[in-house]
Each structure stands twice: as C-alpha cells, then as structure tokens.
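Novice: Supplied in structure tokens, the structure appears directly below.
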Amino acid sequence: MESFLKRTVWIHTHHLSKGDEAFVAKLAPRWRGPYRVGSSWRGSRGLLALLLVVTCGCAAATWLYVTSLDSDITESLARQREIISPEPRVYLVPCSEDYDNYKRYPGCTPQKCGRAVTDSAVTREEAQVLRRLAERALALAGSEGGASILDLHSGALSMGKQFVNIYRYFGDQIRDVFTQEDFQLYRDVRGRIQAIVARTFDLDPTLLYLTKPTFFSRINSTAAKTQHDEYWHPHIDKVTYGSFDYTSLLYLSDYGSDFTGGRFVFMDQNANRTVEPRAGRVSFFSSGSENLHRVEKVTWGTRYAITVSFTCDPAHAISDPTLP
Ligand SMILES: O=C(O)CCC(=O)C(=O)O
Ligand SMILES: [Fe+2]
C-alpha cells in the first residue's frame, strides 16, 4: 500500500496521515483513477509529445505547401526595400500580336517586349518635389472617390465626381501652386524616362513621343464613387488608350510606409508578378497584351504616381506642359 501510494498519488498524498492513506486506498477505482497520474502520466506524456510532433509536422507541411503554392502564383519583380541601380532590371516577354493592328514605325514599334524597373533614373528628392506638387494641386479639388488625377498637359483635375480644367478654373492663381522649376523638373524627368525606355527596348529615342494621357494619380482607400475611381481593373494599356506603345510609371511614394495594398501586378498566365512602388522608382513596359496588368486596391494611406506614356505614332504626340 505504502509503495502503491508513493507510486500513484505521491504528489497529493505525501502529507497524508496513515488513516488518510487508507481512505485513499479504499476509494472506488473511478475516484482513485485521477490520482493515478504517476503511472499513466508517463504513457500520456509520450502520447502528448507524439501528438505535438505530429501536429507541428502537419502545420509545417501545410505552411510550406501554401507558401510554395503562393510563390507559384505571385512573385515580386521589385521589392520596395531594394534599390535597382545602376542598370534597370529587365524581364523580357514575347511581344503580342496587338501591334500588327496598327501602322508599324521601324525603330519604335515594339519588337522587343517586356518590363523593366529602375531606381536610378529619378532621385527620391526629385520624386518628393513632384509629390508635393501633386499634393498641392490635388488639395484644390480631388475626387470624391479614392482615385484622383492631375494632367498637367490637358489641365484635367478630378473634382468631386468629375473633372475641371485647372488652368481655366483657377486662372492666374495656379501660379501660387506651380512654379517654373516644377515644370522644368517634370520635363527633365520625362526626358530621362524616355531615354531609358528607348535604351532598354533598343529604340531610336527621337522616334518615340510623349502621348496622352500622361498624368499624376493619387489613390487612397476611400470607396469609389464613379467608374473613374475604379483603378484596380485588369487592363491592357494599348487597348485602353490606343496610342500607347510604351507605358512608364514613376512612383512618388513608398509601398509599405506611405500606403498598403497598391502594388502593381503583371498578370501573366502562370503567375502574378508584382512591382512594389518606391519613391523615385520607374517601372516601364511595352503596352500590348503581353503586359496585362492591374493595381491592387490601396488598403491604407495615399499612393502617388505619374503615368508617363509614349507612342511611336507622331500623330498622337503631345508636347511637354508649360506654365501658362
Ligand atoms: O499606377 C500604376 O501603378 C498603374 C496605373 C495604370 O495601370 C495606368 O495608368 O494605366
Ligand atoms: Fe495601365
């Protein structure tokens, strides 16, 4: 009895008197049962440990499976934290047949297609100056929904559910918002982007022209009020805008710290390939269906960018904006 008690209920009974021990010994097995931790504990402990190992193993296997599946469908072409410099990171894809439906311009019409990203064409300081310009102009109006635009070429500025012409609407007051230096920077940056697009896709830079729409965008997580606010739909720029042959995007804010969501996504058949916006980052690509894309919905914060578009068709060329 003594040894039985010692083995089974020692923890609970080592303070028991002889009489108590006898009482415990007389307990019906069902009541004694729970006290028999000592003898069955070793067995249950083993079982528990086994269960734990199996559970952890299953969880790890599931996690590995899900992440491997995920990386199959989404991969990053450029993370916000990396600096792609001095050469652009180029990712070539075969050209679609879209360009066959348009007049061909040798030395410009895409023969080499794909995407590229560079952080060395525009500095972060320049991006900040351009972002402030966009902030000032869009503070004058802006869309009721989550996506506003400012087009310095046509003067279009989102206001409520529609657009106004910033130059007409604000007249001379616009000179309090923009300076000659702002416009000079915009032209400089556009020229640098054009040169890098031409170099990357083996084009004659003089045969590539700026086209419309070329505009600033400001996106936040406010719900869309009109179709103009629905920036997230997958699209092909050549189909949407016709004149585009090369699209470039200059980002003016940082994914992850200025906003969340809002990554650019190339929607390839076998994978989604994202570009994470970074202030000063230029992402550019041939505009046909080889580059079907979308922008993820912005979930928090404000995302600023400039869409700078190029055409090979001189009839669709536009000139740089000037301060009236
Ligand atoms: O802002 C972006 O990242 C992309 C915008 C876009 O797809 C477009 O302007 O056509
Ligand atoms: Fe687009």
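By convention here, the chains of the structure tokens are called A, B, ... in the order presented, each chain's residues are numbered starting at 1, and ligands are numbered starting at 1 in the order presented.
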Could you pull out the alpha helix (DSSP H) residues of region 59-254 of chain A from DSSP and send them as a ChimeraX atom specification?
Specialist: /A:59-73,124-139,166-170,180-200,237-241
Novice: If we count only C-alpha atoms and set the cut-off at 12 Å, which residues sit around Pro88 (chain A), ignoring sequence neighbours fewer than 4 positions away in its own chain? Please answer as an NGL selection string.
Specialist: :A and (77-78 or 83-84 or 115-121 or 193 or 196-197 or 199-201 or 281-285)
Novice: Would you write out those residues with C-alpha atoms, as a PDB file, in the first residue's frame?
Specialist:
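Wrote again.pdb, looks like this:
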ATOM      1  CA  LEU A  77       9.893  41.734 -59.748  1.00  0.00           C
ATOM      2  CA  ALA A  78      10.969  44.581 -57.489  1.00  0.00           C
ATOM      3  CA  ILE A  83      17.417  49.640 -54.867  1.00  0.00           C
ATOM      4  CA  ILE A  84      17.647  48.686 -58.517  1.00  0.00           C
ATOM      5  CA  ARG A 115       9.044  45.108 -68.411  1.00  0.00           C
ATOM      6  CA  ALA A 116      11.816  46.849 -66.600  1.00  0.00           C
ATOM      7  CA  VAL A 117      12.335  48.645 -63.334  1.00  0.00           C
ATOM      8  CA  THR A 118      14.966  51.182 -62.360  1.00  0.00           C
ATOM      9  CA  ASP A 119      15.644  53.245 -59.260  1.00  0.00           C
ATOM     10  CA  SER A 120      18.412  55.286 -60.853  1.00  0.00           C
ATOM     11  CA  ALA A 121      16.543  57.474 -63.367  1.00  0.00           C
ATOM     12  CA  ILE A 193      12.470  58.226 -68.663  1.00  0.00           C
ATOM     13  CA  ILE A 196      15.872  54.803 -70.617  1.00  0.00           C
ATOM     14  CA  VAL A 197      12.804  53.310 -72.331  1.00  0.00           C
ATOM     15  CA  ARG A 199      17.778  52.256 -74.473  1.00  0.00           C
ATOM     16  CA  THR A 200      16.130  49.261 -72.828  1.00  0.00           C
ATOM     17  CA  PHE A 201      13.917  48.361 -75.794  1.00  0.00           C
ATOM     18  CA  ARG A 281      11.205  54.142 -58.955  1.00  0.00           C
ATOM     19  CA  VAL A 282      10.408  53.966 -62.659  1.00  0.00           C
ATOM     20  CA  SER A 283       8.651  50.882 -63.968  1.00  0.00           C
ATOM     21  CA  PHE A 284       8.157  50.688 -67.742  1.00  0.00           C
ATOM     22  CA  PHE A 285       6.842  48.194 -70.224  1.00  0.00           C
TER      23      PHE A 285
END
Novice: All residues within 9 Å of ligand 1 are required, counting only C-alpha atoms and all ligand atoms; please report them as number ranges by chain.
Specialist: A: 213-219, 231-237, 240-241, 247-251, 262-265, 275-277, 283, 293-296, 303-309
Novice: Counting only C-alpha atoms, figure out which residue out of A:Phe259, A:Phe266, A:Phe170, A:Phe163 gets nearest to His228 (chain A).
Specialist: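 Looking only at the distances to His228 (chain A), the closest residue turns out to be A:Phe163.
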Novice: What separation in Å, quoted to one decimal, exists between CA of Ser76 (chain A) and CA of Gly191 (chain A)?
Specialist: 27.5 Å
Novice: Write down as a list in words the residues of region 115-156 of chain A whose backbone DSSP state falls under strand (DSSP E or B).
Specialist: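 Taking region 115-156 of chain A and keeping strand (DSSP E or B) gives Arg115, Ala116, Val117, Thr118, Gly142, Ser143, Ala147, Ser148, Ile149, Leu150 and Ala156 of chain A.
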Novice: For the selection just defined, write its residues with N, CA and C atoms to a file, as a CSV table (one decimal), in the first residue's frame.
Specialist:
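The result, stored in out23.csv:
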chain,number,residue,atom,x,y,z
A,115,ARG,N,9.1,44.1,-69.5
A,115,ARG,CA,9.0,45.1,-68.4
A,115,ARG,C,10.4,45.4,-67.8
A,116,ALA,N,10.6,46.5,-67.2
A,116,ALA,CA,11.8,46.8,-66.6
A,116,ALA,C,11.6,47.8,-65.5
A,117,VAL,N,12.5,47.8,-64.5
A,117,VAL,CA,12.3,48.6,-63.3
A,117,VAL,C,13.7,49.3,-63.0
A,118,THR,N,13.7,50.5,-62.8
A,118,THR,CA,15.0,51.2,-62.4
A,118,THR,C,14.7,52.2,-61.2
A,142,GLY,N,-9.9,67.3,-56.1
A,142,GLY,CA,-9.8,65.8,-55.9
A,142,GLY,C,-11.1,65.1,-56.0
A,143,SER,N,-11.0,63.8,-56.3
A,143,SER,CA,-12.2,63.0,-56.5
A,143,SER,C,-12.9,62.7,-55.2
A,147,ALA,N,-9.7,57.7,-56.2
A,147,ALA,CA,-8.7,57.9,-57.2
A,147,ALA,C,-8.9,59.3,-57.8
A,148,SER,N,-7.8,60.1,-57.7
A,148,SER,CA,-7.8,61.4,-58.3
A,148,SER,C,-6.7,61.5,-59.3
A,149,ILE,N,-6.9,62.4,-60.3
A,149,ILE,CA,-5.8,62.6,-61.3
A,149,ILE,C,-5.6,64.1,-61.5
A,150,LEU,N,-4.4,64.4,-62.0
A,150,LEU,CA,-4.0,65.7,-62.4
A,150,LEU,C,-3.2,65.5,-63.7
A,156,ALA,N,-6.6,68.7,-66.9
A,156,ALA,CA,-7.7,67.9,-66.2
A,156,ALA,C,-7.3,67.6,-64.7
Novice: Of the candidates A:Met267, A:Leu210, A:Ile318, A:Ile73, which one gets nearest to ligand 2 if we count only C-alpha atoms and all ligand atoms?
Specialist: A:Met267
Novice: I want to know what sits within 6 Å of Phe310 (chain A), based on only C-alpha atoms, with residues of the same chain fewer than 2 positions away left out; could you give that as a VMD selection string?
Specialist: chain A and resid 209 to 211 244 to 246
Novice: Using only C-alpha atoms, which residue out of A:Cys113, A:Leu47, A:Leu208, A:Leu185 lies closest to Gly288 (chain A)?
Specialist: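 Ranking A:Cys113, A:Leu47, A:Leu208, A:Leu185 by distance to Gly288 (chain A), first place goes to A:Cys113.
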Novice: Between CA of Ser319 (chain A) and CA of Arg278 (chain A), what distance in Å does the model show, to one decimal?
Specialist: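 Computing the Euclidean distance for CA of Ser319 (chain A) and CA of Arg278 (chain A) yields 27.1 Å.
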Novice: Just how far from CA of Glu290 (chain A) is CA of Thr311 (chain A), in Å to one decimal?
Specialist: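 One can read the CA of Thr311 (chain A) to CA of Glu290 (chain A) distance as 16.7 Å.
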